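Peer 1: This one is entry.txt, compact mmCIF, C-alpha atoms.
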# COMPACT_ATOMS: atom_id res chain seq x y z
CA MET A 1244 0.00 0.00 0.00
CA ASP A 1245 1.20 3.45 -0.89
CA THR A 1246 2.01 5.22 2.36
CA THR A 1247 1.96 8.63 0.73
CA GLN A 1248 -1.84 8.36 0.51
CA LEU A 1249 -2.01 7.58 4.23
CA LEU A 1250 0.42 10.34 5.02
CA LYS A 1251 -1.83 12.94 3.51
CA GLY A 1252 -4.41 12.33 6.16
CA VAL A 1253 -2.08 12.33 9.14
CA LEU A 1254 0.69 14.72 8.19
CA ASP A 1255 -0.83 17.53 10.25
CA LEU A 1256 -0.89 15.29 13.25
CA ALA A 1257 2.66 14.07 12.65
CA VAL A 1258 4.00 17.60 12.32
CA LEU A 1259 2.15 18.73 15.44
CA ALA A 1260 3.56 15.75 17.32
CA VAL A 1261 7.13 16.55 16.26
CA LEU A 1262 6.76 20.19 17.28
CA ASP A 1263 5.23 19.16 20.59
CA ARG A 1264 8.53 17.60 21.58
CA SER A 1265 10.52 20.71 20.72
CA ASP A 1266 10.36 23.77 18.53
CA SER A 1267 11.86 23.15 15.14
CA TYR A 1268 12.46 24.58 11.67
CA GLY A 1269 11.25 23.17 8.38
CA TYR A 1270 14.20 21.12 7.34
CA ASP A 1271 14.60 19.70 10.84
CA VAL A 1272 10.94 18.70 10.95
CA VAL A 1273 11.40 16.77 7.71
CA ARG A 1274 14.45 15.02 9.12
CA ARG A 1275 12.78 14.09 12.36
CA LEU A 1276 9.72 12.74 10.60
CA ARG A 1277 11.99 10.55 8.48
CA GLU A 1278 13.97 9.40 11.46
CA ALA A 1279 10.73 8.46 13.15
CA GLY A 1280 9.94 6.18 10.23
CA LEU A 1281 7.90 8.29 7.81
CA GLU A 1282 10.47 7.94 5.07
CA ASP A 1283 8.16 8.87 2.22
CA VAL A 1284 7.29 12.28 3.56
CA GLY A 1285 7.93 14.98 1.02
CA ASP A 1286 9.86 18.11 1.86
CA ALA A 1287 7.40 20.39 0.14
CA SER A 1288 4.48 18.70 1.88
CA VAL A 1289 6.02 19.37 5.28
CA TYR A 1290 6.80 22.97 4.40
CA GLY A 1291 3.32 23.52 3.04
CA THR A 1292 1.79 21.94 6.13
CA LEU A 1293 3.88 24.10 8.45
CA ARG A 1294 2.75 27.24 6.61
CA ARG A 1295 -0.87 26.19 6.71
CA LEU A 1296 -0.82 25.34 10.40
CA PHE A 1297 0.87 28.66 11.07
CA LYS A 1298 -1.72 30.51 9.03
CA ALA A 1299 -4.48 28.64 10.87
CA GLY A 1300 -3.07 30.00 14.12
CA ALA A 1301 -1.84 26.72 15.59
CA LEU A 1302 1.84 27.71 15.59
CA ASN A 1303 4.00 30.61 16.56
CA SER A 1304 7.25 31.27 14.80
CA TYR A 1305 10.54 33.07 15.28
CA VAL A 1306 13.71 33.43 13.29
CA VAL A 1307 16.96 32.18 14.74
CA PRO A 1308 20.05 33.68 13.13
CA SER A 1309 22.67 31.12 12.26
CA GLU A 1310 26.36 31.79 12.00
CA GLU A 1311 27.07 29.05 9.56
CA GLY A 1312 24.32 28.40 7.04
CA PRO A 1313 21.00 30.17 6.51
CA HIS A 1314 18.82 31.74 9.17
CA ARG A 1315 16.15 29.40 10.38
CA LYS A 1316 12.50 30.01 10.95
CA TYR A 1317 11.49 28.02 13.97
CA TYR A 1318 7.94 26.89 14.64
CA GLY A 1319 6.43 25.93 17.95
CA LEU A 1320 2.98 24.96 19.24
CA ASN A 1321 0.87 27.62 20.89
CA ASP A 1322 -2.18 26.87 23.01
CA SER A 1323 -4.37 26.54 19.99
CA GLY A 1324 -1.87 24.11 18.47
CA ARG A 1325 -1.72 22.02 21.58
CA THR A 1326 -5.53 21.81 21.69
CA MET A 1327 -5.54 20.80 18.05
CA LEU A 1328 -2.90 18.16 18.70
CA ALA A 1329 -4.83 16.69 21.62
CA ARG A 1330 -8.05 16.52 19.65
CA SER A 1331 -6.39 15.08 16.55
CA ALA A 1332 -4.46 12.54 18.61
CA LYS A 1333 -7.72 11.35 20.12
CA THR A 1334 -9.36 11.06 16.73
CA TRP A 1335 -6.37 9.19 15.40
CA GLY A 1336 -6.32 6.88 18.41
CA THR A 1337 -9.94 5.93 17.88
CA PHE A 1338 -9.44 5.53 14.16
CA ALA A 1339 -6.30 3.45 14.57
CA GLN A 1340 -8.00 1.26 17.16
CA THR A 1341 -10.90 0.66 14.79
CA MET A 1342 -8.57 -0.27 11.98
CA ASN A 1343 -6.53 -2.55 14.20
CA ASP A 1344 -9.64 -4.33 15.39
CA MET A 1345 -10.79 -4.77 11.84
CA LEU A 1346 -7.47 -6.20 10.84
CA ASP A 1347 -7.03 -8.33 13.90
CA ASP A 1348 -8.42 -11.43 12.20
CA VAL A 1349 -6.35 -10.87 9.10
CA GLU A 1350 -3.09 -10.80 11.05
CA LYS A 1351 -3.95 -13.93 13.02
CA ARG A 1352 -4.72 -15.87 9.90
CA MET B 318 30.03 25.30 -4.84
CA ASN B 319 29.29 28.16 -7.12
CA SER B 320 27.39 25.92 -9.48
CA ARG B 321 25.56 24.57 -6.45
CA ALA B 322 24.43 28.08 -5.57
CA GLN B 323 23.32 28.53 -9.13
CA GLU B 324 21.43 25.26 -8.97
CA ILE B 325 19.61 26.42 -5.85
CA GLU B 326 18.78 29.72 -7.43
CA ASP B 327 17.44 28.10 -10.58
CA TYR B 328 15.41 25.58 -8.65
CA ALA B 329 13.92 28.27 -6.42
CA ALA B 330 13.09 30.44 -9.43
CA ALA B 331 11.31 27.54 -11.11
CA VAL B 332 9.26 26.84 -7.99
CA ARG B 333 8.35 30.52 -7.64
CA GLY B 334 7.39 30.57 -11.28
CA ALA B 335 5.08 27.60 -10.84
CA LEU B 336 3.38 29.30 -7.91
CA ALA B 337 3.19 32.71 -9.54
CA ASP B 338 -0.61 32.62 -9.58
CA VAL B 339 -0.94 32.28 -5.82
CA PRO B 340 -2.19 35.58 -4.42
CA GLU B 341 0.42 37.84 -2.93
CA PRO B 342 0.43 37.41 0.87
CA ASP B 343 -0.03 33.65 0.64
CA ARG B 344 2.74 33.27 -1.89
CA ASP B 345 5.20 35.21 0.20
CA GLU B 346 4.28 33.10 3.17
CA LEU B 347 4.56 29.90 1.20
CA LEU B 348 7.93 30.65 -0.38
CA GLU B 349 9.45 32.49 2.53
CA ASP B 350 12.39 30.24 3.35
CA LEU B 351 12.49 28.21 0.16
CA GLU B 352 16.12 29.09 -0.47
CA GLU B 353 17.03 28.21 3.09
CA HIS B 354 15.42 24.83 2.73
CA LEU B 355 17.13 24.16 -0.59
CA THR B 356 20.45 25.20 0.89
CA GLU B 357 20.06 22.71 3.72
CA VAL B 358 19.05 19.96 1.33
CA ALA B 359 21.98 20.77 -0.91
CA ALA B 360 24.39 20.61 2.02
CA GLU B 361 23.21 17.07 2.79
CA SER B 362 24.98 15.47 -0.12
CA THR B 363 26.34 16.16 -3.56
CA GLU B 364 23.21 14.72 -5.08
CA PRO B 365 21.46 17.14 -7.42
CA LEU B 366 18.40 18.81 -5.94
CA VAL B 367 16.14 17.30 -8.56
CA ALA B 368 17.16 13.78 -7.53
CA ARG B 369 16.36 14.49 -3.90
CA LEU B 370 13.27 16.72 -4.24
CA GLY B 371 11.87 15.95 -7.66
CA VAL B 372 11.40 18.50 -10.40
CA PRO B 373 10.57 22.05 -9.25
CA GLU B 374 7.08 21.83 -10.69
CA SER B 375 6.13 18.83 -8.58
CA TYR B 376 7.76 20.40 -5.56
CA ALA B 377 5.58 23.44 -6.17
CA ALA B 378 2.49 21.31 -6.65
CA GLU B 379 3.16 19.49 -3.39
CA LEU B 380 3.72 22.73 -1.56
CA ARG B 381 0.52 24.14 -2.98
CA ALA B 382 -1.49 21.03 -2.10
CA ALA B 383 -0.14 20.81 1.45
CA TYR B 384 -0.81 24.48 1.98
CA GLY B 385 -4.39 24.05 0.92
CA ALA B 386 -4.37 24.89 -2.75
CA ALA B 387 -4.45 28.60 -2.27
CA GLY B 388 -4.59 30.62 -5.44
CA SER B 389 -6.84 28.60 -7.65
CA THR B 390 -9.87 26.71 -6.53
CA ARG B 391 -10.56 23.36 -8.09
CA ALA B 392 -13.49 24.69 -10.08
CA GLU B 393 -11.34 27.39 -11.59
CA ARG B 394 -8.63 25.07 -12.77
CA GLY B 395 -8.75 24.04 -16.37
CA THR B 396 -10.88 26.97 -17.44
CA ALA B 397 -9.46 29.15 -20.17
CA ARG B 398 -9.54 32.15 -17.92
CA HIS B 399 -7.55 30.34 -15.33
CA SER B 400 -4.88 29.14 -17.74
CA LEU B 401 -4.63 32.63 -19.11
CA ARG B 402 -4.14 34.04 -15.65
CA ARG B 403 -1.52 31.42 -14.94
CA LEU B 404 0.31 32.16 -18.17
CA ARG B 405 0.27 35.84 -17.42
CA ALA B 406 1.52 35.23 -13.91
CA ARG B 407 4.32 33.05 -15.25
CA LEU B 408 5.34 35.63 -17.83
CA THR B 409 5.31 38.38 -15.26
CA HIS B 410 7.34 36.22 -12.98
CA MET B 411 9.81 35.45 -15.74
CA VAL B 412 10.23 39.12 -16.54
CA GLU B 413 10.50 40.08 -12.91
CA ASN B 414 13.15 37.51 -12.11
CA ASN B 415 15.44 37.72 -15.09
CA LYS B 416 17.95 40.49 -14.63
CA GLY B 417 18.25 41.19 -18.34
CA TYR B 418 14.52 41.35 -18.88
CA ARG B 419 14.08 43.41 -15.79
CA ALA B 420 16.69 45.97 -16.76
CA GLY B 421 15.20 46.25 -20.24
CA TRP B 422 11.70 46.50 -18.86
CA ASP B 423 12.66 49.21 -16.41
CA HIS B 424 14.24 51.19 -19.20
CA LEU B 425 11.12 50.83 -21.29
CA ARG B 426 8.99 52.02 -18.42
CA GLU B 427 11.17 55.07 -18.04
CA LEU B 428 10.57 55.85 -21.68
CA ARG B 429 6.81 55.84 -21.29
CA PRO B 430 6.37 59.64 -21.42
CA ALA B 431 8.20 59.62 -24.74
CA TRP B 432 5.80 56.99 -25.97
CA TRP B 433 2.82 59.10 -24.90
CA LEU B 434 4.06 61.91 -27.13
CA ALA B 435 5.08 59.57 -29.93
CA ARG B 436 1.70 57.89 -30.10
CA ALA B 437 -0.04 61.24 -30.46
CA PHE B 438 2.24 62.04 -33.38
CA LEU B 439 1.77 58.58 -34.89
CA LEU B 440 -1.96 58.80 -34.49
CA LEU B 441 -2.03 62.01 -36.49
CA LEU B 442 0.31 60.56 -39.10
CA GLY B 443 -1.89 57.52 -39.37
CA TRP B 444 -4.96 59.67 -39.72
CA ARG B 445 -3.34 61.76 -42.44
CA ALA B 446 -2.15 58.65 -44.22
CA LEU B 447 -5.68 57.29 -44.25
CA THR B 448 -7.48 60.44 -45.27
CA GLN B 449 -4.99 62.02 -47.63
CA PRO B 450 -3.65 59.85 -50.40
CA VAL B 451 -1.38 62.70 -51.29
CA ARG B 452 0.75 64.18 -48.55
CA ASP B 453 -0.01 67.85 -48.04
CA PRO B 454 2.39 70.03 -46.20
CA TRP B 455 1.54 70.44 -42.54
CA GLU B 456 -0.96 73.16 -41.96
CA SER B 457 -1.32 75.12 -38.75
CA GLU B 458 -4.45 73.15 -37.89
CA ASP B 459 -2.42 69.97 -38.01
CA TYR B 460 -0.17 71.34 -35.33
CA VAL B 461 -3.17 72.30 -33.24
CA ILE B 462 -4.54 68.77 -33.57
CA LEU B 463 -1.14 67.36 -32.70
CA LEU B 464 -0.95 69.50 -29.60
CA ALA B 465 -4.43 68.41 -28.52
CA LEU B 466 -3.63 64.76 -29.13
CA ALA B 467 -0.35 65.05 -27.24
CA VAL B 468 -2.02 66.66 -24.22
CA GLY B 469 -4.75 64.03 -24.22
CA SER B 470 -2.28 61.22 -24.58
CA VAL B 471 -0.09 62.43 -21.74
CA VAL B 472 -3.07 63.01 -19.46
CA LEU B 473 -4.29 59.48 -20.14
CA GLY B 474 -0.80 58.10 -19.65
CA VAL B 475 -0.21 59.83 -16.33
CA ARG B 476 -3.64 58.87 -15.07
CA GLY B 477 -3.15 55.28 -16.11
CA ARG B 478 0.22 55.12 -14.40
CA ASP B 479 -0.85 56.76 -11.16
CA ARG B 480 -4.39 55.62 -10.63
CA GLY B 481 -5.22 53.06 -13.25
CA LEU B 482 -7.94 53.50 -15.83
CA SER B 483 -11.48 52.24 -15.88
CA LYS B 484 -12.01 49.17 -18.01
CA PRO B 485 -13.60 50.79 -21.09
CA LEU B 486 -11.05 53.57 -21.02
CA ARG B 487 -8.24 51.05 -20.86
CA ALA B 488 -9.67 49.20 -23.82
CA GLY B 489 -9.90 52.47 -25.73
CA VAL B 490 -6.30 53.31 -25.00
CA GLY B 491 -5.32 49.83 -26.12
CA VAL B 492 -7.08 50.33 -29.44
CA LEU B 493 -5.47 53.73 -29.96
CA ASN B 494 -2.06 52.29 -29.15
CA MET B 495 -2.61 49.61 -31.74
CA VAL B 496 -3.69 52.19 -34.31
CA ALA B 497 -0.55 54.17 -33.61
CA VAL B 498 1.66 51.13 -33.97
CA GLY B 499 -0.29 50.09 -37.05
CA ALA B 500 0.33 53.49 -38.58
CA VAL B 501 4.05 52.97 -38.19
CA LEU B 502 3.98 49.47 -39.61
CA SER B 503 1.80 50.37 -42.57
CA TRP B 504 3.70 53.55 -43.31
CA PRO B 505 5.77 52.16 -46.19
CA LEU B 506 2.58 50.80 -47.75
CA VAL B 507 0.54 53.96 -47.74
CA SER B 508 3.24 56.50 -48.31
CA GLY B 509 4.95 55.51 -51.54
CA PRO B 510 6.43 58.14 -53.81
CA ASP B 511 4.90 61.55 -53.52
CA PRO B 512 2.85 61.99 -56.67
CA ARG B 513 2.67 65.75 -56.37
CA PRO B 514 4.66 67.78 -58.85
CA GLN B 515 7.89 68.81 -57.27
CA ALA B 516 9.21 72.32 -57.49
CA GLY B 517 10.58 73.55 -60.81
CA PRO B 518 13.42 71.18 -61.66
CA GLN B 519 11.08 68.19 -61.88
CA VAL B 520 9.46 69.52 -65.04
CA VAL B 521 12.08 70.25 -67.59
CA VAL B 522 11.38 71.06 -71.20
CA THR B 523 14.66 70.79 -73.01
CA GLN B 524 13.66 71.11 -76.61
CA VAL B 525 12.53 74.69 -76.41
CA GLY B 526 14.43 76.89 -78.78
CA GLY B 527 13.67 79.09 -81.78
CA ASP B 528 10.28 80.05 -83.00
CA ASP B 529 10.42 77.62 -85.86
CA ARG B 530 10.35 74.73 -83.43
CA LEU B 531 7.41 76.19 -81.61
CA SER B 532 5.52 77.21 -84.67
CA GLY B 533 3.47 74.02 -84.77
CA ILE B 534 2.82 74.00 -81.05
CA SER B 535 -0.25 75.62 -79.63
CA ASN B 536 -0.14 74.38 -76.06
CA ILE B 537 1.94 72.27 -73.67
CA GLN B 538 0.48 69.57 -71.50
CA PRO B 539 2.90 68.84 -68.67
CA TYR B 540 2.74 65.52 -66.89
CA SER B 541 4.52 64.31 -63.81
CA LYS B 542 6.74 61.31 -64.17
CA GLU B 543 3.98 59.20 -62.67
CA GLY B 544 1.75 60.24 -65.54
CA ARG B 545 -0.40 62.65 -63.60
CA PRO B 546 -1.44 65.74 -65.52
CA LEU B 547 -0.05 68.91 -64.01
CA THR B 548 -1.48 72.38 -63.97
CA GLY B 549 -0.01 75.76 -63.42
CA VAL B 550 3.48 74.72 -64.49
CA LEU B 551 5.66 77.70 -65.27
CA LEU B 552 8.11 77.22 -68.13
CA TYR B 553 11.19 79.26 -68.90
CA ASP B 554 13.80 79.09 -71.57
CA GLN B 555 17.53 78.67 -71.06
CA ASN B 556 17.91 82.35 -70.34
CA GLY B 557 15.23 82.46 -67.74
CA TYR B 558 12.67 84.08 -69.98
CA PRO B 559 9.09 82.94 -69.73
CA LEU B 560 8.26 80.53 -72.45
CA GLN B 561 5.42 81.74 -74.61
CA ILE B 562 3.81 79.86 -77.38
CA PRO B 563 2.39 81.64 -80.40
CA TYR B 564 -0.93 79.94 -80.00
CA GLU B 565 -2.72 82.73 -81.87
CA ALA B 566 -0.84 81.78 -85.00
CA ASN B 567 -2.32 78.31 -84.68
CA GLY B 568 -5.83 79.53 -84.29
CA PHE B 569 -6.26 79.68 -80.53
CA GLU B 570 -6.84 82.30 -77.95
CA LEU B 571 -6.84 82.45 -74.17
CA LYS B 572 -10.26 81.87 -72.72
CA ARG B 573 -9.40 83.03 -69.28
CA ALA B 574 -10.64 86.39 -68.12
CA ARG B 575 -7.85 88.84 -68.07
CA PRO B 576 -7.34 92.27 -66.61
CA CYS B 577 -8.39 95.07 -68.91
CA ASP B 578 -5.21 96.97 -68.50
CA GLY B 579 -2.64 94.33 -69.25
CA PRO B 580 -1.64 90.95 -70.50
CA PRO B 581 -2.96 87.74 -68.98
CA PRO B 582 -1.63 87.26 -65.45
CA ILE B 583 0.73 84.46 -66.26
CA ALA B 584 1.40 83.84 -69.86
CA ASN B 585 3.72 80.91 -69.29
CA SER B 586 1.59 78.87 -66.93
CA TYR B 587 0.90 75.63 -68.70
CA PRO B 588 -1.29 74.11 -69.89
CA LEU B 589 -2.74 77.34 -71.21
CA PRO B 590 -6.50 77.68 -71.08
CA LEU B 591 -7.10 78.00 -74.79
CA ARG B 592 -10.05 77.92 -77.07
CA PRO B 593 -10.23 78.03 -80.83
CA LEU B 594 -10.20 81.53 -82.19
CA GLY B 595 -13.58 83.02 -82.93
CA GLU B 596 -15.52 80.71 -80.70
CA GLY B 597 -17.80 83.06 -78.87
CA ASP B 598 -15.31 85.82 -79.38
CA PRO B 599 -16.37 89.22 -80.68
CA PHE B 600 -12.93 89.81 -82.13
CA PRO B 601 -12.20 86.96 -84.53
CA ASP B 602 -8.83 88.32 -85.53
CA GLY B 603 -8.05 88.54 -81.87
CA ASP B 604 -4.76 89.66 -80.64
CA PRO B 605 -5.15 88.64 -77.01
CA THR B 606 -3.38 91.66 -75.68
CA ALA B 607 -5.16 94.14 -77.88
CA ALA B 608 -8.61 92.60 -78.01
CA LEU B 609 -10.21 94.27 -75.11
CA ASP B 610 -12.96 91.91 -74.24
CA PRO B 611 -15.88 93.68 -72.57
CA SER B 612 -15.89 90.91 -70.01
CA CYS B 613 -12.38 91.60 -68.94
CA VAL B 614 -11.68 91.82 -65.26
CA PRO B 615 -10.65 95.20 -63.99
CA SER B 616 -7.56 94.78 -61.91
CA THR B 617 -6.54 97.03 -59.09
CA ASN B 618 -3.02 95.83 -58.64
CA THR B 619 -0.62 95.74 -61.48
CA PRO B 620 -0.05 92.19 -62.56
CA GLU B 621 3.47 90.98 -62.28
CA PRO B 622 3.33 88.22 -64.81
CA LEU B 623 6.86 87.48 -65.67
CA PRO B 624 10.03 87.42 -63.76
CA SER B 625 11.75 89.26 -66.54
CA GLY B 626 15.21 88.53 -67.78
CA GLY B 627 18.19 87.89 -65.65
CA PRO B 628 19.50 84.56 -64.53
CA ARG B 629 17.42 81.45 -64.68
CA PRO B 630 15.11 81.38 -61.68
CA THR B 631 15.82 78.63 -59.30
CA THR B 632 12.30 78.33 -58.05
CA PRO B 633 10.03 79.80 -60.65
CA ALA B 634 6.91 79.46 -58.57
CA SER B 635 8.23 81.81 -55.92
CA GLY B 636 8.45 84.70 -58.37
CA THR B 637 4.80 84.71 -59.23
CA GLU B 638 2.62 86.25 -56.65
CA SER B 639 -0.09 87.47 -58.89
CA PRO B 640 -3.69 87.16 -57.90
CA GLY B 641 -6.19 84.88 -59.43
CA GLU B 642 -5.05 81.86 -61.30
CA THR B 643 -1.58 81.35 -60.05
CA ALA B 644 0.44 78.23 -60.18
CA SER B 645 -1.05 76.11 -57.48
CA PRO B 646 0.19 72.60 -57.92
CA GLY B 647 -2.01 71.21 -55.23
CA PRO B 648 -3.85 67.92 -55.53
CA SER B 649 -7.10 69.69 -54.91
CA THR B 650 -7.05 71.20 -58.38
CA SER B 651 -5.56 68.30 -60.23
CA GLY B 652 -7.80 65.72 -58.64
I need this file expressed as C-alpha cells, please.

Peer 2:
Amino acid sequence: MDTTQLLKGVLDLAVLAVLDRSDSYGYDVVRRLREAGLEDVGDASVYGTLRRLFKAGALNSYVVPSEEGPHRKYYGLNDSGRTMLARSAKTWGTFAQTMNDMLDDVEKR
Amino acid sequence: MNSRAQEIEDYAAAVRGALADVPEPDRDELLEDLEEHLTEVAAESTEPLVARLGVPESYAAELRAAYGAAGSTRAERGTARHSLRRLRARLTHMVENNKGYRAGWDHLRELRPAWWLARAFLLLLGWRALTQPVRDPWESEDYVILLALAVGSVVLGVRGRDRGLSKPLRAGVGVLNMVAVGAVLSWPLVSGPDPRPQAGPQVVVTQVGGDDRLSGISNIQPYSKEGRPLTGVLLYDQNGYPLQIPYEANGFELKRARPCDGPPPIANSYPLPLRPLGEGDPFPDGDPTAALDPSCVPSTNTPEPLPSGGPRPTTPASGTESPGETASPGPSTSG
C-alpha cells in the first residue's frame, strides 16, 4: 500500500507531534519525521503543512540567526496548536483502534 | 560550490514561477524560506536537488497542495480564464526575475512619457495617411490637432500610471495604441512616392528653342513622371525668360478672363487655357493683348506676370505672386 496516501491524512498530526517535543524549523521537521519512520514524507508537503498550520493560528514562529548556514524560521505549538494536537491525537487513536480491530483477524490468519 | 548556488537559485526560481498565480500574501508566506530549505538539502549530499526533491514543478504542486491549494480553486482550474491568468503570472514572474529582462523592462517604463508623445504624433500621421492619399504640407491646424492629441495622450498616460484607468477607457487606450503602432507598420505601404509635382526642376522642357520649333505647337500639356497631368506649371527658356507659345498663330486664344489693362496674369503657366479663335469671341482676328474683351476683369493691382530677364530662376513658382489663377500645384485642383 502506498504510504503517501495515508500520510496525507495524518501529516498535520505528525507535524504537530514533532513540534510538541521541541520547537523546530522546516528542514529539521522533515528530518525528524523521516527518522521516526515516515520515510516517504515529502519536503514540500512538510513545508506547506507548516505554513498552513501557522496561518491557521496553531503555531507561533521566530527566526533564529545562524552563524554558519542560513537563518532558520522556527515553529512551535501555541495553546491553539496544543488543543488541536490533543483533539487530533484522540481522533487518530480511535481511528487506529478501529482499523486494528478490523485487521485483527487478518493478522492472526 | 558556485554551481551549487546557481542550482539552488534556478530551482527556487522555477518553484516561484510555478506558484506565480498564488495571491500575494499567501505566496510570500509559502515561499518564505524556500532558499534556506534548498540550501540545507543541498548541504546534505552532492546529489542534485532534482534527484532528492523531484522537479521544481512537482515540488511546487506538493507545496501548494499541502498548503491548501491557495490561489486557484478546483473549479477554476482548467478553465481558459484560469490558464490565461496562470500564463500571465508566469510571464510576469519570468520578466520580474530575469535580470536582463528586468533591466530592459525598467528602461522601457522610463521611456513611457516619450511613448505618450510619440503615439499622439503617430496617431495624427496615421490619420493623415488614411485620409490624404497625397501628402499635403503640414498646416497650422495639423499642429493644433497634434498639440491636442499630445495633451490628451499624456493626461491618459499619467492617469493610467498613477491611478489606473477604468475598463472601457483602458480598452480604448489599447485600441489607440494599436492604431498608432499600425500606422508605423503600414507607413511604407501607404506613403509611396509623392505623386505631387515637385518644385521647378522636376518639369524640364529641353527642346525649347527658336520660334520655328514652336511654330506648330499651340499648347503644352505637362505631366509628372507618374503620368499625372499637371497644372499651373511655369516654363522658362535657357535664359530664364518665360516661355510663350504663339498659339494665336495656330488659331487659338486664351479663354481666361484677363485684366483690362494688361496681359494675362501668367502667360507661361501651362497648360494654357485655350479655345479656338472666334468661338464666342467678338474679335475673330483677336490679338489677345489688344482685343479688349468687354468681359475683362478690372484689376486694381498691377499684374506681375513674368520674372523678366536675368538669370534662370531657381524656383520659378516663388516669383509669381499674382492674384487669381496662379500656379497652385495642389492635388485639390488636379484631382

Peer 1: Within 12 Å of chain A, which residues of chain B show up when using all atoms listed in the file, listed as an NGL selection string?

Peer 2: :B and (332 or 342-361 or 366 or 369-387)

Peer 1: Can you spit out the residues from that selection as a short mmCIF file (atom, residue, chain, number, x, y, z; two decimals), keeping the file's coordinate frame, using C-alpha atoms?

Peer 2:
data_model
loop_
_atom_site.label_atom_id
_atom_site.label_comp_id
_atom_site.auth_asym_id
_atom_site.auth_seq_id
_atom_site.Cartn_x
_atom_site.Cartn_y
_atom_site.Cartn_z
CA VAL B 332 9.26 26.84 -7.99
CA PRO B 342 0.43 37.41 0.87
CA ASP B 343 -0.03 33.65 0.64
CA ARG B 344 2.74 33.27 -1.89
CA ASP B 345 5.20 35.21 0.20
CA GLU B 346 4.28 33.10 3.17
CA LEU B 347 4.56 29.90 1.20
CA LEU B 348 7.93 30.65 -0.38
CA GLU B 349 9.45 32.49 2.53
CA ASP B 350 12.39 30.24 3.35
CA LEU B 351 12.49 28.21 0.16
CA GLU B 352 16.12 29.09 -0.47
CA GLU B 353 17.03 28.21 3.09
CA HIS B 354 15.42 24.83 2.73
CA LEU B 355 17.13 24.16 -0.59
CA THR B 356 20.45 25.20 0.89
CA GLU B 357 20.06 22.71 3.72
CA VAL B 358 19.05 19.96 1.33
CA ALA B 359 21.98 20.77 -0.91
CA ALA B 360 24.39 20.61 2.02
CA GLU B 361 23.21 17.07 2.79
CA LEU B 366 18.40 18.81 -5.94
CA ARG B 369 16.36 14.49 -3.90
CA LEU B 370 13.27 16.72 -4.24
CA GLY B 371 11.87 15.95 -7.66
CA VAL B 372 11.40 18.50 -10.40
CA PRO B 373 10.57 22.05 -9.25
CA GLU B 374 7.08 21.83 -10.69
CA SER B 375 6.13 18.83 -8.58
CA TYR B 376 7.76 20.40 -5.56
CA ALA B 377 5.58 23.44 -6.17
CA ALA B 378 2.49 21.31 -6.65
CA GLU B 379 3.16 19.49 -3.39
CA LEU B 380 3.72 22.73 -1.56
CA ARG B 381 0.52 24.14 -2.98
CA ALA B 382 -1.49 21.03 -2.10
CA ALA B 383 -0.14 20.81 1.45
CA TYR B 384 -0.81 24.48 1.98
CA GLY B 385 -4.39 24.05 0.92
CA ALA B 386 -4.37 24.89 -2.75
CA ALA B 387 -4.45 28.60 -2.27
#

Peer 1: Mind giving me the straight-line distance from CA of Asn1303 (chain A) to CA of Asp1322 (chain A) in Å, one decimal?

Peer 2: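 It comes out at 9.7 Å.
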
Peer 1: Can you measure CA of Ser541 (chain B) to CA of Ala446 (chain B) for me? One decimal in Å is fine.

Peer 2: 21.5 Å

Peer 1: Provide the CA of Ala1339 (chain A) to CA of Gln1248 (chain A) distance in Å, to one decimal place.

Peer 2: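 Computing the Euclidean distance for CA of Ala1339 (chain A) and CA of Gln1248 (chain A) yields 15.5 Å.
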
Peer 1: Using only C-alpha atoms, give me every residue within 12 Å of (-0.9, 12.5, 11.3) in file coordinates, as an NGL selection string.

Peer 2: :A and (1246-1261 or 1276 or 1281 or 1284 or 1289 or 1292 or 1327-1336 or 1338-1339)

Peer 1: So, with only C-alpha atoms as the atoms that count, which of B:Leu473, B:Asp423, B:Gln323, B:Tyr587 lies closest to Leu486 (chain B)?

Peer 2: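 Of the candidates, the smallest distance to Leu486 (chain B) is held by B:Leu473.
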
Peer 1: Just checking: using all atoms listed in the file, which residue out of A:Leu1302, A:Thr1341, A:Ser1309, A:Asp1348 ends up closest to Asn1321 (chain A)?

Peer 2: A:Leu1302

Peer 1: Taking every listed atom of region 1274-1286 of chain A and adding 8 Å to each side, what centre and edge lengths in Å (one decimal) does the axis-aligned box have, as JSON?

Peer 2:
{"center_x": 10.9, "center_y": 12.1, "center_z": 7.1, "size_x": 23.2, "size_y": 27.9, "size_z": 28.1}

Peer 1: So which residues touch region 432-436 of chain B within 8 Å, counting only C-alpha atoms, skipping near sequence neighbours fewer than 5 positions away, as JSON, numbers by chain?

Peer 2: {"B": [467, 470, 471, 474, 494, 497, 498]}

Peer 1: I want to know what sits within 6 Å of region 589-594 of chain B, based on only C-alpha atoms, with residues of the same chain fewer than 2 positions away left out; could you give that as a ChimeraX atom specification?

Peer 2: /B:568-572,587,596
